[in-house]
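File shown: target_25.cif (mmCIF, C-alpha atoms).
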data_coords
loop_
_atom_site.label_atom_id
_atom_site.label_comp_id
_atom_site.auth_asym_id
_atom_site.auth_seq_id
_atom_site.Cartn_x
_atom_site.Cartn_y
_atom_site.Cartn_z
CA MET A 1 25.06 25.61 -2.03
CA ASN A 2 22.93 28.65 -1.48
CA PRO A 3 22.04 30.39 -4.72
CA LYS A 4 21.69 33.66 -2.82
CA GLY A 5 25.32 33.16 -1.81
CA TYR A 6 26.22 33.15 -5.47
CA GLY A 7 24.38 36.44 -5.81
CA GLY A 8 26.38 37.90 -2.93
CA ILE A 9 29.66 36.87 -4.46
CA GLU A 10 28.59 38.33 -7.77
CA VAL A 11 27.81 41.73 -6.19
CA TRP A 12 31.16 41.65 -4.36
CA ARG A 13 32.99 40.84 -7.59
CA LEU A 14 31.11 43.52 -9.50
CA PHE A 15 31.79 46.19 -6.90
CA PHE A 16 35.41 45.46 -6.09
CA GLY A 17 36.20 44.40 -9.63
CA SER A 18 35.09 47.76 -10.96
CA VAL A 19 36.90 49.64 -8.18
CA LEU A 20 40.12 47.76 -8.84
CA SER A 21 39.86 48.28 -12.57
CA GLY A 22 39.14 51.95 -12.09
CA SER A 23 35.81 51.74 -13.89
CA ARG A 24 32.40 52.79 -12.63
CA PHE A 25 29.22 50.81 -12.46
CA CYS A 26 27.32 50.96 -15.66
CA ARG A 27 23.93 49.62 -16.66
CA LYS A 28 25.53 47.03 -18.89
CA ASP A 29 27.54 45.61 -15.95
CA LEU A 30 24.46 45.44 -13.79
CA LEU A 31 22.42 43.76 -16.51
CA HIS A 32 25.21 41.31 -17.18
CA SER A 33 25.45 40.57 -13.48
CA ALA A 34 21.69 40.06 -13.22
CA GLU A 35 21.73 37.71 -16.17
CA ARG A 36 24.52 35.68 -14.68
CA ARG A 37 22.83 35.56 -11.31
CA GLU A 38 19.63 34.42 -13.01
CA GLU A 39 21.57 31.81 -14.91
CA SER A 40 23.28 30.46 -11.79
CA ARG A 41 19.95 30.27 -9.94
CA SER A 42 18.43 28.41 -12.86
CA LEU A 43 21.24 25.91 -12.98
CA LEU A 44 21.04 25.32 -9.25
CA LYS A 45 17.30 25.00 -9.43
CA TRP A 46 17.02 22.61 -12.28
CA GLU A 47 20.19 20.62 -12.53
CA GLY A 48 21.30 20.60 -8.91
CA ALA A 49 19.66 19.25 -5.81
CA GLN A 50 18.62 22.62 -4.43
CA VAL A 51 15.37 24.13 -5.58
CA GLU A 52 13.18 26.92 -4.22
CA LEU A 53 9.44 26.68 -4.49
CA GLN A 54 8.45 28.92 -1.59
CA ASN A 55 8.08 32.00 -3.76
CA ILE A 56 5.65 30.25 -6.06
CA GLU A 57 3.82 28.83 -3.07
CA ALA A 58 3.42 32.34 -1.63
CA ALA A 59 2.15 33.69 -4.94
CA VAL A 60 -0.45 30.93 -5.38
CA ARG A 61 -1.59 31.17 -1.75
CA ARG A 62 -2.16 34.89 -2.20
CA LEU A 63 -4.13 34.25 -5.39
CA PHE A 64 -6.45 32.04 -3.36
CA SER A 65 -6.72 34.15 -0.22
CA ASP A 66 -6.68 37.76 -1.46
CA SER A 67 -9.44 38.47 -3.98
CA GLU A 68 -8.12 41.96 -4.74
CA PHE A 69 -4.68 40.58 -5.51
CA ARG A 70 -6.25 37.85 -7.64
CA SER A 71 -8.14 40.43 -9.70
CA THR A 72 -4.99 42.50 -10.16
CA ALA A 73 -2.98 39.41 -11.11
CA ILE A 74 -5.54 38.33 -13.67
CA ALA A 75 -5.65 41.83 -15.19
CA ASN A 76 -1.92 42.47 -15.08
CA PRO A 77 0.17 39.54 -13.80
CA GLU A 78 3.48 41.26 -14.46
CA ALA A 79 2.58 44.16 -12.18
CA ALA A 80 1.03 41.94 -9.52
CA PHE A 81 4.04 39.68 -9.21
CA ALA A 82 6.64 42.42 -9.59
CA ALA A 83 7.11 42.85 -5.85
CA MET A 84 7.75 39.15 -5.35
CA ASP A 85 11.24 37.73 -5.75
CA LEU A 86 10.37 35.64 -8.78
CA ARG A 87 12.61 34.42 -11.57
CA SER A 88 11.48 34.95 -15.13
CA ASP A 89 10.43 31.32 -15.59
CA GLU A 90 8.45 31.42 -12.34
CA GLN A 91 6.74 34.63 -13.37
CA GLU A 92 5.95 33.25 -16.81
CA ALA A 93 4.34 30.09 -15.39
CA LEU A 94 2.31 32.11 -12.89
CA SER A 95 1.16 34.45 -15.66
CA LYS A 96 -0.10 31.42 -17.59
CA LEU A 97 -1.92 30.30 -14.49
CA CYS A 98 -3.57 33.71 -14.22
CA ALA A 99 -4.61 33.47 -17.87
CA ARG A 100 -6.41 30.23 -17.00
CA LEU A 101 -8.02 31.80 -13.98
CA ALA A 102 -9.13 34.72 -16.14
CA ILE A 103 -11.28 32.48 -18.30
CA GLY A 104 -12.45 30.47 -15.32
CA GLU A 105 -10.58 27.40 -16.40
CA GLU A 106 -9.60 25.11 -13.57
CA VAL A 107 -6.41 23.10 -13.74
CA GLY A 108 -6.14 19.41 -13.45
CA ALA A 109 -4.81 16.55 -15.43
CA SER A 110 -5.56 13.12 -16.62
CA PRO A 111 -2.83 10.69 -15.66
CA MET A 112 -0.24 11.02 -18.41
CA GLY A 113 2.09 8.48 -17.09
CA ILE A 114 2.52 4.80 -17.09
CA TRP A 115 4.82 4.86 -14.12
CA PHE A 116 4.67 5.48 -10.36
CA MET B 117 4.03 -0.31 -35.38
CA PHE B 118 6.94 0.32 -33.03
CA ALA B 119 4.81 -0.73 -30.06
CA ILE B 120 3.87 -3.96 -31.83
CA GLU B 121 7.53 -4.73 -32.50
CA VAL B 122 8.42 -4.01 -28.87
CA GLY B 123 5.63 -6.32 -27.70
CA GLN B 124 6.84 -9.04 -30.02
CA GLU B 125 10.37 -8.64 -28.72
CA LEU B 126 9.13 -9.15 -25.17
CA ARG B 127 7.36 -12.36 -26.17
CA ASP B 128 10.28 -13.57 -28.30
CA SER B 129 12.84 -13.00 -25.59
CA LEU B 130 10.83 -15.06 -23.12
CA ALA B 131 10.48 -17.78 -25.77
CA ARG B 132 14.22 -17.75 -26.49
CA ALA B 133 14.79 -18.15 -22.77
CA GLY B 134 12.73 -21.35 -22.90
CA ILE B 135 10.04 -20.00 -20.59
CA PRO B 136 6.78 -22.00 -20.97
CA ALA B 137 3.90 -20.13 -22.56
CA LEU B 138 1.76 -20.29 -19.44
CA PHE B 139 4.34 -18.44 -17.31
CA SER B 140 5.25 -16.09 -20.20
CA ASN B 141 1.66 -15.03 -20.55
CA PHE B 142 1.40 -14.47 -16.82
CA VAL B 143 4.60 -12.41 -16.69
CA LEU B 144 3.41 -10.24 -19.58
CA LEU B 145 -0.05 -9.73 -18.08
CA PRO B 146 0.92 -6.42 -16.36
CA LEU B 147 2.04 -5.12 -19.75
CA SER B 148 -1.40 -5.88 -21.18
CA GLN B 149 -3.24 -3.59 -18.75
CA PRO B 150 -4.98 -0.58 -20.36
CA GLY B 151 -2.46 1.88 -21.75
CA LYS B 152 0.50 -0.47 -21.47
CA ILE B 153 2.66 -1.58 -24.38
CA LEU B 154 0.82 -4.88 -25.00
CA SER B 155 -2.65 -3.38 -24.71
CA ASP B 156 -4.81 -2.55 -27.71
CA SER B 157 -4.12 1.17 -27.32
CA PRO B 158 -0.69 1.78 -25.78
CA SER B 159 -0.31 5.28 -24.28
CA LEU B 160 2.68 7.58 -24.09
CA GLY B 161 5.40 5.51 -22.60
CA TRP B 162 8.92 4.33 -22.34
CA ALA B 163 9.04 2.86 -25.83
CA GLN B 164 8.01 6.14 -27.37
CA LEU B 165 10.65 8.10 -25.43
CA ILE B 166 13.35 5.65 -26.54
CA ARG B 167 12.19 5.70 -30.15
CA ALA B 168 12.06 9.51 -30.25
CA SER B 169 15.50 9.91 -28.66
CA CYS B 170 16.95 7.31 -31.01
CA LEU B 171 15.49 9.06 -34.06
CA SER B 172 16.93 12.37 -32.84
CA VAL B 173 20.44 10.96 -33.08
CA HIS B 174 19.81 8.85 -36.19
CA GLY B 175 20.36 5.67 -34.20
CA SER B 176 19.36 2.14 -35.13
CA LEU B 177 15.61 1.62 -34.71
CA ALA B 178 16.09 -2.16 -34.77
CA THR B 179 18.22 -1.88 -31.64
CA ALA B 180 15.80 0.66 -30.19
CA VAL B 181 13.04 -1.96 -30.33
CA LYS B 182 15.08 -4.22 -28.05
CA ILE B 183 16.11 -1.43 -25.68
CA ALA B 184 12.49 -0.29 -25.51
CA ALA B 185 11.40 -3.84 -24.67
CA ALA B 186 13.98 -3.96 -21.87
CA MET B 187 12.81 -0.62 -20.51
CA GLU B 188 9.13 -1.61 -20.67
CA ALA B 189 9.89 -4.83 -18.81
CA LEU B 190 11.89 -3.04 -16.11
CA ALA B 191 9.26 -0.32 -15.66
CA ALA B 192 6.43 -2.87 -15.49
CA GLY B 193 8.33 -4.79 -12.82
CA LEU B 194 8.88 -1.64 -10.79
CA ASP B 195 5.28 -0.57 -11.32
CA ILE B 196 3.98 -3.76 -9.68
CA LEU B 197 6.27 -3.13 -6.71
CA ASP B 198 5.08 0.46 -6.50
CA GLU B 199 1.42 -0.54 -6.45
CA ILE B 200 2.11 -2.97 -3.63
CA GLU B 201 4.28 -0.51 -1.70
CA ASP B 202 1.64 2.22 -2.04
CA SER B 203 -1.30 -0.16 -1.36
CA ASP B 204 -2.89 1.24 -4.51
CA HIS B 205 -5.75 -0.46 -6.31
CA SER B 206 -4.16 -2.94 -8.72
CA PRO B 207 -6.23 -5.35 -10.80
CA PHE B 208 -3.13 -7.44 -11.48
CA VAL B 209 -2.12 -7.78 -7.83
CA LEU B 210 -5.72 -8.51 -6.87
CA SER B 211 -6.11 -11.26 -9.44
CA ALA B 212 -2.66 -12.82 -9.10
CA GLY B 213 -2.28 -12.52 -5.35
CA LEU B 214 0.64 -10.85 -3.61
CA PRO B 215 3.24 -13.67 -3.83
CA GLN B 216 2.66 -14.31 -7.55
CA ALA B 217 2.57 -10.60 -8.31
CA LEU B 218 5.93 -10.14 -6.60
CA ASN B 219 7.35 -13.06 -8.56
CA ALA B 220 6.09 -11.60 -11.83
CA SER B 221 7.83 -8.36 -10.91
CA THR B 222 11.09 -10.23 -10.32
CA ALA B 223 10.72 -12.02 -13.65
CA LEU B 224 10.15 -8.75 -15.51
CA ILE B 225 13.28 -7.20 -14.03
CA PHE B 226 15.35 -10.24 -15.07
CA LEU B 227 13.69 -10.20 -18.49
CA SER B 228 14.89 -6.63 -18.90
CA GLN B 229 18.48 -7.70 -18.19
CA ARG B 230 18.21 -10.64 -20.54
CA ILE B 231 17.02 -8.50 -23.45
CA VAL B 232 19.96 -6.10 -23.04
CA SER B 233 22.45 -8.95 -22.76
CA GLU B 234 21.07 -10.44 -25.99
CA LEU B 235 22.18 -7.31 -27.87
CA ARG B 236 25.67 -8.82 -28.13
CA GLU B 237 24.27 -11.69 -30.15
CA ILE B 238 23.01 -9.40 -32.89
CA GLY B 239 26.37 -7.70 -33.25
CA VAL B 240 25.84 -4.59 -31.14
CA ASP B 241 29.10 -3.00 -29.95
CA PRO B 242 29.92 -4.52 -26.51
CA THR B 243 30.79 -1.05 -25.20
CA LEU B 244 27.28 0.12 -26.01
CA VAL B 245 25.82 -2.93 -24.28
CA VAL B 246 27.82 -2.22 -21.12
CA ASP B 247 26.76 1.45 -21.27
CA CYS B 248 23.12 0.39 -21.48
CA PHE B 249 23.48 -1.89 -18.47
CA PHE B 250 25.21 0.86 -16.51
CA THR B 251 22.55 3.44 -17.40
CA LEU B 252 19.74 1.09 -16.38
CA ALA B 253 21.47 0.29 -13.10
CA ARG B 254 22.50 3.86 -12.25
CA LEU B 255 19.19 5.55 -12.96
CA GLY B 256 17.17 2.59 -11.71
CA LEU B 257 18.97 2.91 -8.38
CA ASN B 258 18.22 6.64 -8.33
CA ALA B 259 14.54 5.82 -8.83
CA THR B 260 14.54 3.38 -5.91
CA HIS B 261 16.23 6.00 -3.74
CA GLY B 262 13.44 8.43 -4.61
CA GLN B 263 10.89 5.74 -3.87
CA HIS B 264 12.57 5.05 -0.53
CA LYS B 265 12.27 8.70 0.47
CA ASP B 266 8.69 8.79 -0.80
CA LEU B 267 7.74 5.81 1.35
CA SER B 268 9.62 6.93 4.44
CA THR B 269 8.04 10.34 4.82
CA ASP B 270 4.61 11.92 4.64
CA ALA B 271 3.30 15.39 4.03
CA ARG B 272 2.73 15.94 7.77
CA SER B 273 6.39 15.37 8.62
CA GLY B 274 7.44 18.94 7.87
CA ILE B 275 9.12 18.04 4.59
CA SER B 276 9.79 21.08 2.39
CA LEU B 277 8.25 21.61 -1.04
CA ASP B 278 11.73 21.57 -2.54
CA ALA B 279 12.46 18.18 -1.00
CA ALA B 280 9.12 16.84 -2.25
CA LEU B 281 9.93 17.96 -5.78
CA GLN B 282 13.32 16.32 -5.44
CA ILE B 283 11.62 13.04 -4.52
CA THR B 284 9.34 13.34 -7.56
CA SER B 285 12.33 14.02 -9.77
CA GLU B 286 14.30 11.07 -8.39
CA LYS B 287 11.61 8.44 -8.37
CA SER B 288 10.02 9.25 -11.71
CA GLY B 289 12.34 11.62 -13.52
CA SER B 290 15.19 9.11 -13.24
CA LEU B 291 13.37 6.44 -15.22
CA ALA B 292 12.43 8.82 -18.02
CA ALA B 293 16.03 10.10 -17.97
CA CYS B 294 17.11 6.50 -18.37
CA ALA B 295 14.82 5.96 -21.37
CA CYS B 296 16.00 9.13 -23.12
CA ARG B 297 19.67 8.46 -22.51
CA LEU B 298 19.34 4.85 -23.71
CA GLY B 299 17.61 5.96 -26.90
CA ALA B 300 20.22 8.63 -27.58
CA ARG B 301 23.09 6.27 -26.82
CA LEU B 302 22.05 4.22 -29.87
CA GLY B 303 23.29 7.04 -32.09
CA THR B 304 25.96 8.86 -30.11
CA ALA B 305 28.54 8.37 -27.38
CA GLU B 306 29.12 12.13 -26.95
CA PRO B 307 28.93 12.72 -23.16
CA GLU B 308 27.52 16.26 -23.33
CA ILE B 309 24.80 15.27 -25.77
CA LEU B 310 23.87 12.24 -23.70
CA GLN B 311 23.75 14.42 -20.59
CA LEU B 312 21.28 16.76 -22.29
CA TYR B 313 19.02 13.87 -23.27
CA GLU B 314 19.20 12.60 -19.72
CA GLN B 315 18.34 16.03 -18.31
CA PHE B 316 15.43 16.31 -20.71
CA GLY B 317 14.13 12.94 -19.54
CA GLN B 318 14.55 13.93 -15.90
CA HIS B 319 12.32 16.97 -16.37
CA TYR B 320 9.88 15.16 -18.63
CA GLY B 321 9.47 12.34 -16.12
CA THR B 322 9.00 14.86 -13.31
CA MET B 323 6.39 16.67 -15.38
CA VAL B 324 4.48 13.45 -16.07
CA GLN B 325 4.61 12.49 -12.40
CA LEU B 326 3.23 15.91 -11.44
CA SER B 327 0.40 15.27 -13.87
CA ASN B 328 -0.27 11.93 -12.17
CA ASP B 329 -0.10 13.57 -8.73
CA LEU B 330 -2.62 16.19 -9.82
CA HIS B 331 -4.94 13.43 -10.94
CA ASP B 332 -4.40 11.27 -7.88
CA ALA B 333 -5.07 14.17 -5.47
CA GLN B 334 -8.56 14.30 -6.97
CA ASN B 335 -9.09 10.56 -6.95
CA ASP B 336 -9.24 9.31 -3.38
CA VAL B 337 -11.17 6.18 -4.36
CA GLN B 338 -8.43 4.34 -6.24
CA LYS B 339 -5.37 6.22 -5.01
CA THR B 340 -4.08 6.49 -1.47
CA ASP B 341 -2.29 9.84 -1.81
CA LEU B 342 -4.63 11.72 0.54
CA ALA B 343 -5.26 8.89 2.99
CA ARG B 344 -1.52 8.35 3.40
CA ALA B 345 -0.69 12.06 3.16
CA LYS B 346 1.85 11.22 0.46
CA PRO B 347 4.44 13.96 0.03
CA THR B 348 3.27 14.91 -3.46
CA LEU B 349 3.25 18.62 -4.29
CA PRO B 350 -0.56 19.09 -4.28
CA VAL B 351 -1.03 17.19 -1.02
CA LEU B 352 1.93 18.91 0.65
CA PHE B 353 0.75 22.36 -0.44
CA TYR B 354 -2.55 21.76 1.34
CA VAL B 355 -0.95 20.23 4.44
CA ARG B 356 1.37 23.23 4.78
CA GLN B 357 -1.71 25.44 4.87
CA LEU B 358 -3.14 23.38 7.73
CA GLY B 359 0.18 23.15 9.57
CA SER B 360 2.59 20.25 9.21
CA GLY B 361 1.54 18.52 12.42
CA THR B 362 -2.14 18.45 11.50
CA MET B 363 -4.10 15.25 11.92
CA GLN B 364 -7.12 16.68 10.11
CA GLU B 365 -8.55 14.40 7.45
CA LEU B 366 -7.47 15.44 3.98
CA THR B 367 -10.32 15.67 1.50
CA THR B 368 -10.27 16.13 -2.23
CA LYS B 369 -12.58 19.12 -2.05
CA ASP B 370 -10.37 20.98 0.44
CA VAL B 371 -7.26 20.21 -1.57
CA ILE B 372 -8.84 21.67 -4.69
CA ASN B 373 -10.11 24.77 -2.88
CA SER B 374 -6.72 25.48 -1.32
CA GLY B 375 -5.08 26.18 -4.70
CA ALA B 376 -2.94 23.05 -4.39
CA LEU B 377 -3.74 21.89 -7.91
CA HIS B 378 -2.91 25.32 -9.30
CA PHE B 379 0.40 25.29 -7.46
CA ALA B 380 1.30 21.85 -8.81
CA TRP B 381 0.19 22.90 -12.29
CA THR B 382 2.53 25.90 -12.14
CA ILE B 383 5.49 23.64 -11.33
CA PHE B 384 4.32 21.30 -14.10
CA GLU B 385 4.38 24.20 -16.52
CA MET B 386 7.89 25.18 -15.43
CA GLN B 387 9.11 21.65 -16.00
CA ARG B 388 7.55 21.68 -19.46
CA LYS B 389 9.31 24.93 -20.30
CA ARG B 390 12.59 23.52 -19.07
CA CYS B 391 12.07 20.47 -21.31
CA LEU B 392 11.57 22.76 -24.30
CA SER B 393 14.63 24.79 -23.44
CA ILE B 394 16.79 21.65 -23.31
CA LEU B 395 15.40 20.62 -26.69
CA ASP B 396 16.46 24.04 -28.00
CA GLU B 397 19.97 23.32 -26.73
CA LEU B 398 19.92 19.97 -28.49
CA ASP B 399 18.76 21.63 -31.72
CA GLU B 400 21.75 23.96 -31.50
CA ARG B 401 23.90 20.85 -31.42
CA ASP B 402 22.37 19.55 -34.65
CA GLN B 403 20.00 17.08 -33.03
CA MET B 404 16.70 16.31 -34.75
CA THR B 405 14.30 16.76 -31.85
CA ALA B 406 11.03 16.88 -33.80
CA HIS B 407 9.92 13.47 -32.57
CA ILE B 408 10.58 14.35 -28.95
CA ARG B 409 8.79 17.68 -29.37
CA SER B 410 5.76 15.83 -30.66
CA ILE B 411 5.68 13.85 -27.40
CA ILE B 412 5.61 17.09 -25.40
CA GLY B 413 2.80 18.28 -27.68
CA GLN B 414 0.85 15.12 -27.02
CA SER B 415 1.44 15.54 -23.32
CA ARG B 416 0.00 19.02 -23.41
CA ASN B 417 -3.09 17.75 -25.17
CA GLN B 418 -3.76 15.36 -22.32
CA GLU B 419 -4.38 18.13 -19.82
CA HIS B 420 -7.98 18.35 -18.77
CA THR B 421 -10.03 20.45 -16.47
CA VAL B 422 -10.91 19.35 -12.97
CA ASP B 423 -14.56 19.12 -13.87
CA GLU B 424 -13.93 16.64 -16.63
#
Now, as a test, write the supplied structure out as structure tokens.
Amino acid sequence: MNPKGYGGIEVWRLFFGSVLSGSRFCRKDLLHSAERREESRSLLKWEGAQVELQNIEAAVRRLFSDSEFRSTAIANPEAAFAAMDLRSDEQEALSKLCARLAIGEEVGASPMGIWF
Amino acid sequence: MFAIEVGQELRDSLARAGIPALFSNFVLLPLSQPGKILSDSPSLGWAQLIRASCLSVHGSLATAVKIAAAMEALAAGLDILDEIEDSDHSPFVLSAGLPQALNASTALIFLSQRIVSELREIGVDPTLVVDCFFTLARLGLNATHGQHKDLSTDARSGISLDAALQITSEKSGSLAACACRLGARLGTAEPEILQLYEQFGQHYGTMVQLSNDLHDAQNDVQKTDLARAKPTLPVLFYVRQLGSGTMQELTTKDVINSGALHFAWTIFEMQRKRCLSILDELDERDQMTAHIRSIIGQSRNQEHTVDE
């Protein structure tokens, strides 16, 4: 299933639901809708087969190819990533990455596992 | 202490099966490698996941010792197969030779089954025993499916990042999911609770595998990830930069400079957050997740810098 499809259905329901009920859009409805859309994307991402990593890929590639963007992201990750279609958990992880870059700390890992 | 008891259970089960000491010692040799359960300093592993999950549900630790022994045996058997399938450096395979190493793997998998079947003899509810068998079989099969996909593709094939993460989740997350569900099953039969433990394990195992992949992408001497263009996230990230059809040699230095490790670390971090969020859900359902949280804490402490 396409998570963006869920988003489309949600907008349709919000619009026509409010028209049919005679109400108008309000901020609360929109926020509620956004939260639900976020929730459905999260569920699809983590507990279903479909996941989307392209947005994170694009963000990291830009960090390593655009020095101006990298400086902005290190100084203010929220602003730098705002234009990208990132979920809150994606943005949070990228902000942590920028915090590491800010202090010049590389990432890596010792093998944690005892399997494959 | 728990690790010592698990090791003893492995030895005792082989003895109860009437296996001569010479063959028993050989079969248990893979579990004596550095970091494994029978080594002097066992690392984070299956036994610890099972113990922590069991404690979270107030299950029987005596039974957990046996389940942990079964899981360690199964994982060690699969690990031998993985080293052979990946042509990785393996002291055990080198010293034993391929045929004997394969036979040891077979013995370990049967030993795992034997230990679970012996649970009936100490009065464990037969329904629980059947559940344990089913969990081992179901999630073990998922792991082999992930391994199949891992072996049948490479990073130059045009595979997507999402599909690569799915492979990681299946081949490694499934076994950790198995360990967590087995441990939790010793204290509850509540399907929703068990599902949460399984989901936690799936993400934890994926996170650990990503950590291994990060390490292996920087270690082209002992690991074949770069030479084989394995579809791990760091390797794939770099290959996608070159173009999927590239035949260019993949080097550790280029992988590091591309941002591939940073990309994989970001996904690692997201998996860790997801683990913590599932533990929060378990806390809301009156589970005592402190022991599992301490494992995540230990995992975090094992992160190092590239330069180290």
Could you tell me how far atom CA of Ala119 of chain B lies from atom CA of Met404 of chain B, in Å and to one decimal?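 We find that atom CA of Ala119 of chain B and atom CA of Met404 of chain B lie 21.3 Å from each other.
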Need to verify the contact set: Phe139 of chain B, 10 Å, only C-alpha atoms, exclusion of same-chain residues closer than 5 positions in sequence. Can you return it as a list in words?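 That gives Leu130, Leu144, Leu145, Ala220 and Ala223 of chain B.
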Residues from the last selection, C-alpha atoms, saved as a PDB file, in the coordinates of the input:
ATOM      1  CA  LEU B 130      10.830 -15.060 -23.120  1.00  0.00           C
ATOM      2  CA  LEU B 144       3.410 -10.240 -19.580  1.00  0.00           C
ATOM      3  CA  LEU B 145      -0.050  -9.730 -18.080  1.00  0.00           C
ATOM      4  CA  ALA B 220       6.090 -11.600 -11.830  1.00  0.00           C
ATOM      5  CA  ALA B 223      10.720 -12.020 -13.650  1.00  0.00           C
TER       6      ALA B 223
END
Please list as a list in words every residue within 12 Å of Glu57 of chain A, counting all atoms listed in the file and excluding residues in the same chain fewer than 6 positions away.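 Listing them by chain and then by number gives Leu63, Phe64, Met84, Asp85, Leu86, Glu90 and Leu94 of chain A; Ser276, Leu277, Asp278, Leu349, Pro350, Leu352, Phe353, Tyr354, Arg356, Gln357, Ser374, Gly375, Ala376, Leu377, His378, Phe379, Ala380, Trp381, Thr382 and Ile383 of chain B.
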Determine, using all atoms listed in the file, which residues of segment 303-406 of chain B have any atom at most 12 Å from an atom of segment 154-168 of chain B, and tabulate each with its shortest atom pair and distance in Å to one decimal place, rows ordered by chain and then rising number, as CSV.
residue,atom,partner,partner_atom,distance
B:Gly303,CA,B:Arg167,CA,11.3
B:Tyr313,CA,B:Leu165,CA,10.4
B:Glu314,CA,B:Leu165,CA,11.2
B:Phe316,CA,B:Leu165,CA,10.6
B:Gly317,CA,B:Leu165,CA,8.4
B:Gln318,CA,B:Leu165,CA,11.8
B:Tyr320,CA,B:Leu165,CA,9.8
B:Gly321,CA,B:Trp162,CA,10.2
B:Val324,CA,B:Leu160,CA,10.1
B:Gln403,CA,B:Ala168,CA,11.3
B:Met404,CA,B:Ala168,CA,9.4
B:Thr405,CA,B:Ala168,CA,7.8
B:Ala406,CA,B:Ala168,CA,8.2
Output check: residues returned by the PyMOL selection byres ((chain B and resi 309) around 10), as a ChimeraX atom specification: /B:173,297,300-301,304-308,310-315,397-398,401,403
Quick check, in Å to one decimal: how far apart do atom CA of Asn141 of chain B and atom CA of Leu252 of chain B lie? 24.6 Å
Distance in Å - atom CA of Leu138 of chain B versus atom CA of Phe208 of chain B: 15.9 Å
Restricting the calculation to only C-alpha atoms: of B:Ser393, B:Gln124, B:Asn328, B:Ser290, which residue gets closest to chain A? B:Asn328
Name the closest residue to chain B among the candidates A:Phe81, A:Ala93, A:Ala73, A:Arg87; distances are taken between atoms, counting all atoms listed in the file.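 Using all atoms listed in the file, chain B sits closest to A:Ala93.
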